[in-house]
Number of protein chains: 2
Amino acid sequence: MNEFLEGGDPKQVALVKSIFLQFERDPVIATSPEIYDLTHEEKRELTARKIARLAQYLEKDTPEVWNMRWHLLNTFDPQLSTRINNNLGLFHNCVRGNGTLKQYHYWTVTQGSAKIKGICGSFGMTELAHGSNVAGLETTATFDAETDEFIVNTPHIGATKWWIGGAAHTATHIAAYARLIVRGVDHGVKIFVVPLRDANHDVMPGVSLGDVGAKMGRNGIDNGWIQFSNVHIPRGNMLSKYDKVDRDGTVHNAPLAQLAYSALLTGRVGMVYDCFRYGSRFITIALRYAVGRRQFGHSPDGEEQLLNYPLHQNRLLPYLAAVYAMSATGYKMKSYLKGIIDTLDTSVKTGNTKKIGGALTEMKTLFVISASLKSTCTWLTASLIDECRQACGGHGYSSYSGFGTGYTDWAVQCTWEGDNNVLAMSAGKSVIQNLQKVLKGKSLMGEFAYLNSYSVAASSPVLNGSIDNLQNLLSAYQTLVARLSGHANEILEENKNSWESISVHQVSISKVFAHTYVLGTFIKRISSVSDAALSEQLTNLAKLYALSTLNQYSSLFLQYNVISGSALAEVQSQVGMLNARVRPQVVGLTDAFMIPDFVINSSLGSYDGNIYDNYFSIVKRQNDPSRTKAPYSEAILEKMLNRKDLNVRERNERSKEVLRLLGTGIE
Amino acid sequence: MNEFLEGGDPKQVALVKSIFLQFERDPVIATSPEIYDLTHEEKRELTARKIARLAQYLEKDTPEVWNMRWHLLNTFDPQLSTRINNNLGLFHNCVRGNGTLKQYHYWTVTQGSAKIKGICGSFGMTELAHGSNVAGLETTATFDAETDEFIVNTPHIGATKWWIGGAAHTATHIAAYARLIVRGVDHGVKIFVVPLRDANHDVMPGVSLGDVGAKMGRNGIDNGWIQFSNVHIPRGNMLSKYDKVDRDGTVHNAPLAQLAYSALLTGRVGMVYDCFRYGSRFITIALRYAVGRRQFGHSPDGEEQLLNYPLHQNRLLPYLAAVYAMSATGYKMKSYLKGIIDTLDTSVKTGNTKKIGGALTEMKTLFVISASLKSTCTWLTASLIDECRQACGGHGYSSYSGFGTGYTDWAVQCTWEGDNNVLAMSAGKSVIQNLQKVLKGKSLMGEFAYLNSYSVAASSPVLNGSIDNLQNLLSAYQTLVARLSGHANEILEENKNSWESISVHQVSISKVFAHTYVLGTFIKRISSVSDAALSEQLTNLAKLYALSTLNQYSSLFLQYNVISGSALAEVQSQVGMLNARVRPQVVGLTDAFMIPDFVINSSLGSYDGNIYDNYFSIVKRQNDPSRTKAPYSEAILEKMLNRKDLNVRERNERSKEVLRLLGTGIE
């Protein structure tokens, strides 16, 4: 089963195991419950220490191994992986995507950022007043023909670079998004490598920076703000794969501008994979607790296992199925992107414009799919963590359960790398635009092909008593995407093409589209499994995922007449039956994730299932019971409890005698 | 408008204002952004300091003023209010509800816990292995006839008292839930006052206790664990309003056992009120940000205000409407409970058994309603905070926005005072049981009366084009409650009365029941508003609440044929129109909450709307920009970046020469 989870590749299984083993034995990298008691300052320092350690692995790893290493870090120490990613992910992808090969080689190899040696980069897009709207950024880079330099400036507080990962303490350079100004003309937002700190790690003159401070989660990352005041950088520091400024100030604009944002794709695509990994950790904790915990009921040996309650099954098992489903899509997305980038690289090198065009079309499709998947899957994973916490009752609220940090670390995934609502709107819009092509008689290829069968007239229920077949279910999802898009398109036309009038619909379309994609990918992967027993288990999970998600979106399925009311009742009862069918396999299905205890890092979710002993010993280790008084007990608590009576403290000024004495008015 | 929000009572408005003003000027109580950077230890100490300060207010306040003071604390410093509540709420209500008047007077007045003077109580119900199932608790209190004492014991690790608020450092006594054992017979769970610390604040012999450590939120509370090892307490320490043990060991059982759990009601009932207050704080922050923040678009003065986007309106304005709706129910619940308790107190005193019976019936009803409301409204408020945070984009993730702490502090509300799912199941069950009475021909009174009109046959859509009328909407909600219960009851009968088979339905019923109740209460309150302009604004909010909630639960409304598919489309478009209608009033509607800036305590939500300046100055105040290097910069970061080349660090042992030298095998 774990082979299935790891993209069906035994090599991946071996790789995951070997990296986890290295990390488990590495005293700097392995996590323990202690991290739940660290202060922000301590988190920062520990994370820096881990980065220095990881830099040693980095010098030896192949890119493939490092990539997996990084994704696995994401599962148990996301502040660490993010802090590294500012340089190795965002900075590198940005320079690779927007710089020439020379520039890429210079900054990463010659200067050493690829090994976090010599320099360390960061990614400087967002500003205090500008997040999602990249075209509206206000930092300027003005070409100075005299010195052959750009002069970088922050014109006002709103243009302060904000949230820049590593800016507060770590980064030496930043890939800064800034408006290119040449001879007074604004050429739009381009990217410039700007040094922040010199080789002594001292901040450069003209650069003001600071720490943006405490965050909801991931406090191990030193996010910062930066203001530039007449900072001069050489002309060659502008990333010039597509945009160039000549010595004389002539500006060459991007022939392939679409590629400029490709830097954003890598992060977004990898996040589906992280949803699978991160989700697998928390569903494992909640399910192990639900097996170990007993409550109410009348089982022969006392109370009943939580997981034997249908409601509890219904709260958790659909998420287990979703994690399995996301594993297939996570691996697929990674290879999808790799294929496109490889094609692009070779075809750009050979100047094959037809191939470039094909790859660009593919990239556009991936842009839509990944926007839809990123938003839908990160939301799903946030809900999963929260539901898993609640399913562990009060103990889920203990930091040592892992859920608190798990949730607060995760929450930002719904916002960065493209705000989920903005991404969903954009993906939904693309789906509608594809449907518009169908309505104009065009036949679509690839991932949108199922829209071809959309017909305005057809509106009879698709699912009516045939819900036990995965292909039927998939086509129900596809029909819903088409009908929902068709309906949104009608409203759009009624409202003079105002996309704002259907923004709510766009988000819904994106969500259903994403689930359709995940389901389709899952079904396809299952069809390649030859082991009959395995295939049966996976088919149950796929059905559970399909039907429980259908139930979650049943309002749309009903409203667009994809399912009848009676069939929906059948769906709901079928979900209950599938829960019961999956229940006995829960231990095997969670063990298949192969997550070592140090990654689980939860008082409630260890492999041995010994909840209460583990929990109590962690609590005692982290909070010495011999300290029965707090440092402030005497000064505050005892002083309060043993304070004198109120009348004494008021100097008896409100005693009856005094009140009479002063209140009579008679001398 | 603020009069409407404060229960329609100008005295409450004045009270809220005067308390907020006192707190704002009180240097110990007022909060500031600094709290977002405190360590757990610092939070503990600051909270203790605030309690000592509040004890002074407590000595002077009337119960009514103190009650409001406490609720207002909940809005901006929930760890503080909870830590106080362990004593003044849970301990006191427990002693009042289960002890004789003598006992109540002794512990609260004579010993002083009512003023947190002399002693300080805590509430000892949950155990490590037992939360919701009170009847399953395992701590024992064994009567020792020889000494006329109870001997309290923790038989094993699972029976360790857990989560006990104040146990780690503050509390001197605990109201401990334990099994009463007399002459070897287990008489079930009773309550005993057990001293934990002596007057020197030293832990008593036989008592082992410790800190349960870090939590997801509310770390200012010193929750602890306790184990008892042969702790002797006098017989009179058993709370004996209903249960008594005579000197000779004769046990008198509770004639009114239902009352024993009434201690739990006060907390639960007050939580609806807290949903209103807490929700109002976070919706205000998000809406002020949405007014101040501009993004994309083509408004004349640059980018568009976020709140002018229909999607953004749709994310936030229904929550604004829900907060208004919850204000009405919050105030109603408080007076509802007060009425019952007053009746009970006088009728118990006078021995009026008929009146006692009536009050008990009312209390049962309130039990159901409050269980349903507590779970539904706390979930709603959790979603509200999370959506508000996401609606503030990346800046919502900054601790200084207040959302992170706001969410993590709130999250436990869905778990304690009765786990939301357990409460919802229980409330849903009661609704079904009431419907069963109707099916048997009985006519219901009071809050369940609308179930009387349920008919198995009737199944035509109730709402069909008449969605602009609040009474129609209310009756649609009521019909849904009835039909859903009717359907669940059918499944129940098919499954041989196995309630587990319909647990998922029970939760749904509870949610819809709660919204029906909130809507009904809101409508009734609005009908008493004479100002026409005010009434119109409130009516729009009520419609927005009713229709957006209907849309959220539209799957059920469709499935049970309460609404037709075409009417639902109309609902969705109506929600958009109502959003647009409420939009211009947003500033007034949020200002009406009268929340001072120190309570808002957010970089994004100050009254002056000056987002970026406020935010930047908080960030700089909390993170001194002159500290450009971290304490660990040199030792870790610079050392890493300036490390020697790998081959040097490997002592050239992998150089070509060495590899050739050692690898040839030739001597």
# chains A, B, ... in the order shown; residues from 1 in each chain; ligands from 1
$ closest_atom_pairs --of "chain B" --to "chain A" --cutoff "6 Å" --atoms "only C-alpha atoms" --output "Markdown table"
| residue | atom | partner | partner_atom | distance |
| --- | --- | --- | --- | --- |
| B:Thr39 | CA | A:Thr39 | CA | 5.8 |
| B:Ala52 | CA | A:Met640 | CA | 5.6 |
| B:Lys117 | CA | A:Leu641 | CA | 4.4 |
| B:Gly118 | CA | A:Leu641 | CA | 4.8 |
| B:His169 | CA | A:Lys629 | CA | 5.8 |
| B:Gly210 | CA | A:Pro625 | CA | 4.8 |
| B:Asp211 | CA | A:Asn623 | CA | 6.0 |
| B:Val212 | CA | A:Val619 | CA | 5.7 |
| B:Ala214 | CA | A:Ser399 | CA | 5.2 |
| B:Lys215 | CA | A:Ser399 | CA | 4.4 |
| B:Met216 | CA | A:Gly404 | CA | 4.6 |
| B:Leu311 | CA | A:Val504 | CA | 5.7 |
| B:Gly393 | CA | A:Thr415 | CA | 6.0 |
| B:Tyr397 | CA | A:Met216 | CA | 5.4 |
| B:Ser398 | CA | A:Lys215 | CA | 4.4 |
| B:Ser399 | CA | A:Lys215 | CA | 4.4 |
| B:Gly404 | CA | A:Met216 | CA | 4.6 |
| B:Thr415 | CA | A:Gly393 | CA | 6.0 |
| B:Ser503 | CA | A:Leu311 | CA | 5.8 |
| B:Val504 | CA | A:Leu311 | CA | 5.7 |
| B:Ser554 | CA | A:Ser555 | CA | 5.6 |
| B:Ser555 | CA | A:Ser555 | CA | 3.9 |
| B:Gln559 | CA | A:Gly565 | CA | 5.3 |
| B:Gly565 | CA | A:Gln559 | CA | 5.3 |
| B:Val619 | CA | A:Val212 | CA | 5.8 |
| B:Asn623 | CA | A:Asp211 | CA | 6.0 |
| B:Pro625 | CA | A:Gly210 | CA | 4.8 |
| B:Lys629 | CA | A:His169 | CA | 5.8 |
| B:Met640 | CA | A:Ala52 | CA | 5.6 |
| B:Leu641 | CA | A:Lys117 | CA | 4.4 |
| B:Asn642 | CA | A:Gly118 | CA | 5.8 |
$ write_last_selection --atoms "C-alpha atoms" --output "mmCIF file, in the first residue's frame"
data_model
loop_
_atom_site.group_PDB
_atom_site.id
_atom_site.type_symbol
_atom_site.label_atom_id
_atom_site.label_comp_id
_atom_site.auth_asym_id
_atom_site.auth_seq_id
_atom_site.Cartn_x
_atom_site.Cartn_y
_atom_site.Cartn_z
ATOM 1 C CA THR B 39 6.095 33.744 26.180
ATOM 2 C CA ALA B 52 -5.076 40.359 41.578
ATOM 3 C CA LYS B 117 -9.460 36.119 49.197
ATOM 4 C CA GLY B 118 -8.242 33.438 51.582
ATOM 5 C CA HIS B 169 -0.372 27.206 40.593
ATOM 6 C CA GLY B 210 1.523 19.580 38.047
ATOM 7 C CA ASP B 211 1.163 21.740 35.019
ATOM 8 C CA VAL B 212 -0.410 20.186 31.903
ATOM 9 C CA ALA B 214 1.439 24.311 26.612
ATOM 10 C CA LYS B 215 -1.920 24.626 24.908
ATOM 11 C CA MET B 216 -3.103 25.741 21.499
ATOM 12 C CA LEU B 311 -17.181 37.999 -3.360
ATOM 13 C CA GLY B 393 -4.879 38.132 3.323
ATOM 14 C CA TYR B 397 -1.488 35.968 9.564
ATOM 15 C CA SER B 398 0.475 38.578 11.489
ATOM 16 C CA SER B 399 -0.013 38.088 15.223
ATOM 17 C CA GLY B 404 -4.118 34.070 15.333
ATOM 18 C CA THR B 415 -14.814 21.357 22.952
ATOM 19 C CA SER B 503 -26.192 10.369 14.838
ATOM 20 C CA VAL B 504 -25.224 12.316 11.711
ATOM 21 C CA SER B 554 -29.439 24.523 1.049
ATOM 22 C CA SER B 555 -28.676 20.876 0.537
ATOM 23 C CA GLN B 559 -33.438 17.446 -0.090
ATOM 24 C CA GLY B 565 -34.334 24.591 -7.054
ATOM 25 C CA VAL B 619 5.831 46.164 14.162
ATOM 26 C CA ASN B 623 10.728 44.524 16.907
ATOM 27 C CA PRO B 625 14.821 47.772 13.788
ATOM 28 C CA LYS B 629 21.487 40.987 13.641
ATOM 29 C CA MET B 640 27.345 28.732 7.776
ATOM 30 C CA LEU B 641 27.666 31.230 4.946
ATOM 31 C CA ASN B 642 31.412 31.664 5.411
#
$ residues_around --residues "stretch 381-384 of chain A" --least-positions-apart "3" --cutoff "7 Å" --atoms "only C-alpha atoms" --output "ChimeraX atom specification"
/A:275,279,319,377-378,387-388,407,410-411
$ atom_distance --atom1 "atom CA of A:Thr140" --atom2 "atom CA of A:Asn153"
5.3 Å
$ select_by_dssp --residues "stretch 117-335 of chain B" --states "alpha helix (DSSP H)" --output "PyMOL selection string"
chain B and resi 262-292+310-335
$ write_last_selection --atoms "C-alpha atoms" --output "PDB file, in the first residue's frame"
ATOM      1  CA  SER B 262     -27.301  22.669  36.430  1.00  0.00           C
ATOM      2  CA  ALA B 263     -23.813  23.952  37.271  1.00  0.00           C
ATOM      3  CA  LEU B 264     -22.972  23.293  33.647  1.00  0.00           C
ATOM      4  CA  LEU B 265     -25.831  25.369  32.321  1.00  0.00           C
ATOM      5  CA  THR B 266     -24.561  28.791  33.331  1.00  0.00           C
ATOM      6  CA  GLY B 267     -21.379  28.480  31.345  1.00  0.00           C
ATOM      7  CA  ARG B 268     -23.104  27.073  28.312  1.00  0.00           C
ATOM      8  CA  VAL B 269     -25.837  29.694  28.286  1.00  0.00           C
ATOM      9  CA  GLY B 270     -23.344  32.554  28.586  1.00  0.00           C
ATOM     10  CA  MET B 271     -21.356  31.266  25.642  1.00  0.00           C
ATOM     11  CA  VAL B 272     -23.959  32.377  23.111  1.00  0.00           C
ATOM     12  CA  TYR B 273     -23.525  35.873  24.483  1.00  0.00           C
ATOM     13  CA  ASP B 274     -19.764  35.526  24.130  1.00  0.00           C
ATOM     14  CA  CYS B 275     -20.200  34.451  20.511  1.00  0.00           C
ATOM     15  CA  PHE B 276     -21.888  37.769  19.862  1.00  0.00           C
ATOM     16  CA  ARG B 277     -19.210  39.821  21.646  1.00  0.00           C
ATOM     17  CA  TYR B 278     -16.208  37.931  20.347  1.00  0.00           C
ATOM     18  CA  GLY B 279     -17.647  37.711  16.851  1.00  0.00           C
ATOM     19  CA  SER B 280     -18.313  41.448  16.824  1.00  0.00           C
ATOM     20  CA  ARG B 281     -14.649  42.142  17.538  1.00  0.00           C
ATOM     21  CA  PHE B 282     -13.304  40.087  14.646  1.00  0.00           C
ATOM     22  CA  ILE B 283     -15.901  41.031  12.077  1.00  0.00           C
ATOM     23  CA  THR B 284     -15.112  44.661  12.897  1.00  0.00           C
ATOM     24  CA  ILE B 285     -11.418  44.136  12.223  1.00  0.00           C
ATOM     25  CA  ALA B 286     -12.024  42.388   8.910  1.00  0.00           C
ATOM     26  CA  LEU B 287     -14.579  44.954   7.749  1.00  0.00           C
ATOM     27  CA  ARG B 288     -12.412  47.939   8.688  1.00  0.00           C
ATOM     28  CA  TYR B 289      -9.567  46.343   6.772  1.00  0.00           C
ATOM     29  CA  ALA B 290     -11.851  45.646   3.821  1.00  0.00           C
ATOM     30  CA  VAL B 291     -12.813  49.312   3.746  1.00  0.00           C
ATOM     31  CA  GLY B 292      -9.235  50.568   4.067  1.00  0.00           C
ATOM     32  CA  PRO B 310     -19.198  41.061  -4.359  1.00  0.00           C
ATOM     33  CA  LEU B 311     -17.181  37.999  -3.360  1.00  0.00           C
ATOM     34  CA  HIS B 312     -15.625  39.841  -0.446  1.00  0.00           C
ATOM     35  CA  GLN B 313     -19.033  41.106   0.645  1.00  0.00           C
ATOM     36  CA  ASN B 314     -20.318  37.581   0.454  1.00  0.00           C
ATOM     37  CA  ARG B 315     -17.493  36.307   2.623  1.00  0.00           C
ATOM     38  CA  LEU B 316     -18.025  38.852   5.403  1.00  0.00           C
ATOM     39  CA  LEU B 317     -21.454  40.461   5.458  1.00  0.00           C
ATOM     40  CA  PRO B 318     -23.431  37.299   6.260  1.00  0.00           C
ATOM     41  CA  TYR B 319     -21.204  36.976   9.335  1.00  0.00           C
ATOM     42  CA  LEU B 320     -21.974  40.561  10.301  1.00  0.00           C
ATOM     43  CA  ALA B 321     -25.660  39.705  10.075  1.00  0.00           C
ATOM     44  CA  ALA B 322     -25.092  36.579  12.166  1.00  0.00           C
ATOM     45  CA  VAL B 323     -23.382  38.604  14.900  1.00  0.00           C
ATOM     46  CA  TYR B 324     -26.379  40.910  15.056  1.00  0.00           C
ATOM     47  CA  ALA B 325     -28.673  37.914  15.201  1.00  0.00           C
ATOM     48  CA  MET B 326     -26.639  36.325  17.989  1.00  0.00           C
ATOM     49  CA  SER B 327     -26.765  39.492  20.093  1.00  0.00           C
ATOM     50  CA  ALA B 328     -30.511  39.079  20.465  1.00  0.00           C
ATOM     51  CA  THR B 329     -30.257  35.414  21.385  1.00  0.00           C
ATOM     52  CA  GLY B 330     -27.312  36.043  23.708  1.00  0.00           C
ATOM     53  CA  TYR B 331     -29.273  38.484  25.831  1.00  0.00           C
ATOM     54  CA  LYS B 332     -32.371  36.315  25.724  1.00  0.00           C
ATOM     55  CA  MET B 333     -30.523  33.231  26.953  1.00  0.00           C
ATOM     56  CA  LYS B 334     -29.123  35.083  29.938  1.00  0.00           C
ATOM     57  CA  SER B 335     -32.528  36.318  31.097  1.00  0.00           C
TER      58      SER B 335
END
$ select_by_dssp --residues "stretch 223-455 of chain A" --states "strand (DSSP E or B)" --output "VMD selection string"
chain A and resid 224 to 228 231 to 234 238 244 to 245 251 to 252 294 to 299 302 to 305 398
$ write_last_selection --atoms "C-alpha atoms" --output "mmCIF file, in the first residue's frame"
data_model
loop_
_atom_site.group_PDB
_atom_site.id
_atom_site.type_symbol
_atom_site.label_atom_id
_atom_site.label_comp_id
_atom_site.auth_asym_id
_atom_site.auth_seq_id
_atom_site.Cartn_x
_atom_site.Cartn_y
_atom_site.Cartn_z
ATOM 1 C CA GLY A 224 11.040 40.985 7.417
ATOM 2 C CA TRP A 225 10.243 44.322 5.865
ATOM 3 C CA ILE A 226 12.633 46.284 3.629
ATOM 4 C CA GLN A 227 12.772 49.862 2.446
ATOM 5 C CA PHE A 228 15.198 50.993 -0.258
ATOM 6 C CA VAL A 231 20.150 51.858 -3.602
ATOM 7 C CA HIS A 232 22.388 51.515 -6.692
ATOM 8 C CA ILE A 233 22.730 48.138 -8.400
ATOM 9 C CA PRO A 234 24.515 47.266 -11.660
ATOM 10 C CA MET A 238 18.041 42.951 -13.619
ATOM 11 C CA LYS A 244 16.298 43.684 -21.144
ATOM 12 C CA VAL A 245 17.612 47.197 -20.796
ATOM 13 C CA VAL A 251 14.020 48.523 -23.275
ATOM 14 C CA HIS A 252 13.280 45.154 -24.823
ATOM 15 C CA ARG A 294 -12.895 4.719 24.801
ATOM 16 C CA GLN A 295 -16.052 6.578 25.711
ATOM 17 C CA PHE A 296 -19.638 5.820 26.715
ATOM 18 C CA GLY A 297 -21.179 2.731 25.210
ATOM 19 C CA HIS A 298 -21.474 -0.803 26.449
ATOM 20 C CA SER A 299 -18.672 -2.840 24.990
ATOM 21 C CA GLY A 302 -16.093 -1.143 29.445
ATOM 22 C CA GLU A 303 -16.443 1.918 27.272
ATOM 23 C CA GLU A 304 -16.528 1.777 23.492
ATOM 24 C CA GLN A 305 -13.668 2.702 21.155
ATOM 25 C CA SER A 398 -2.913 20.365 24.268
#
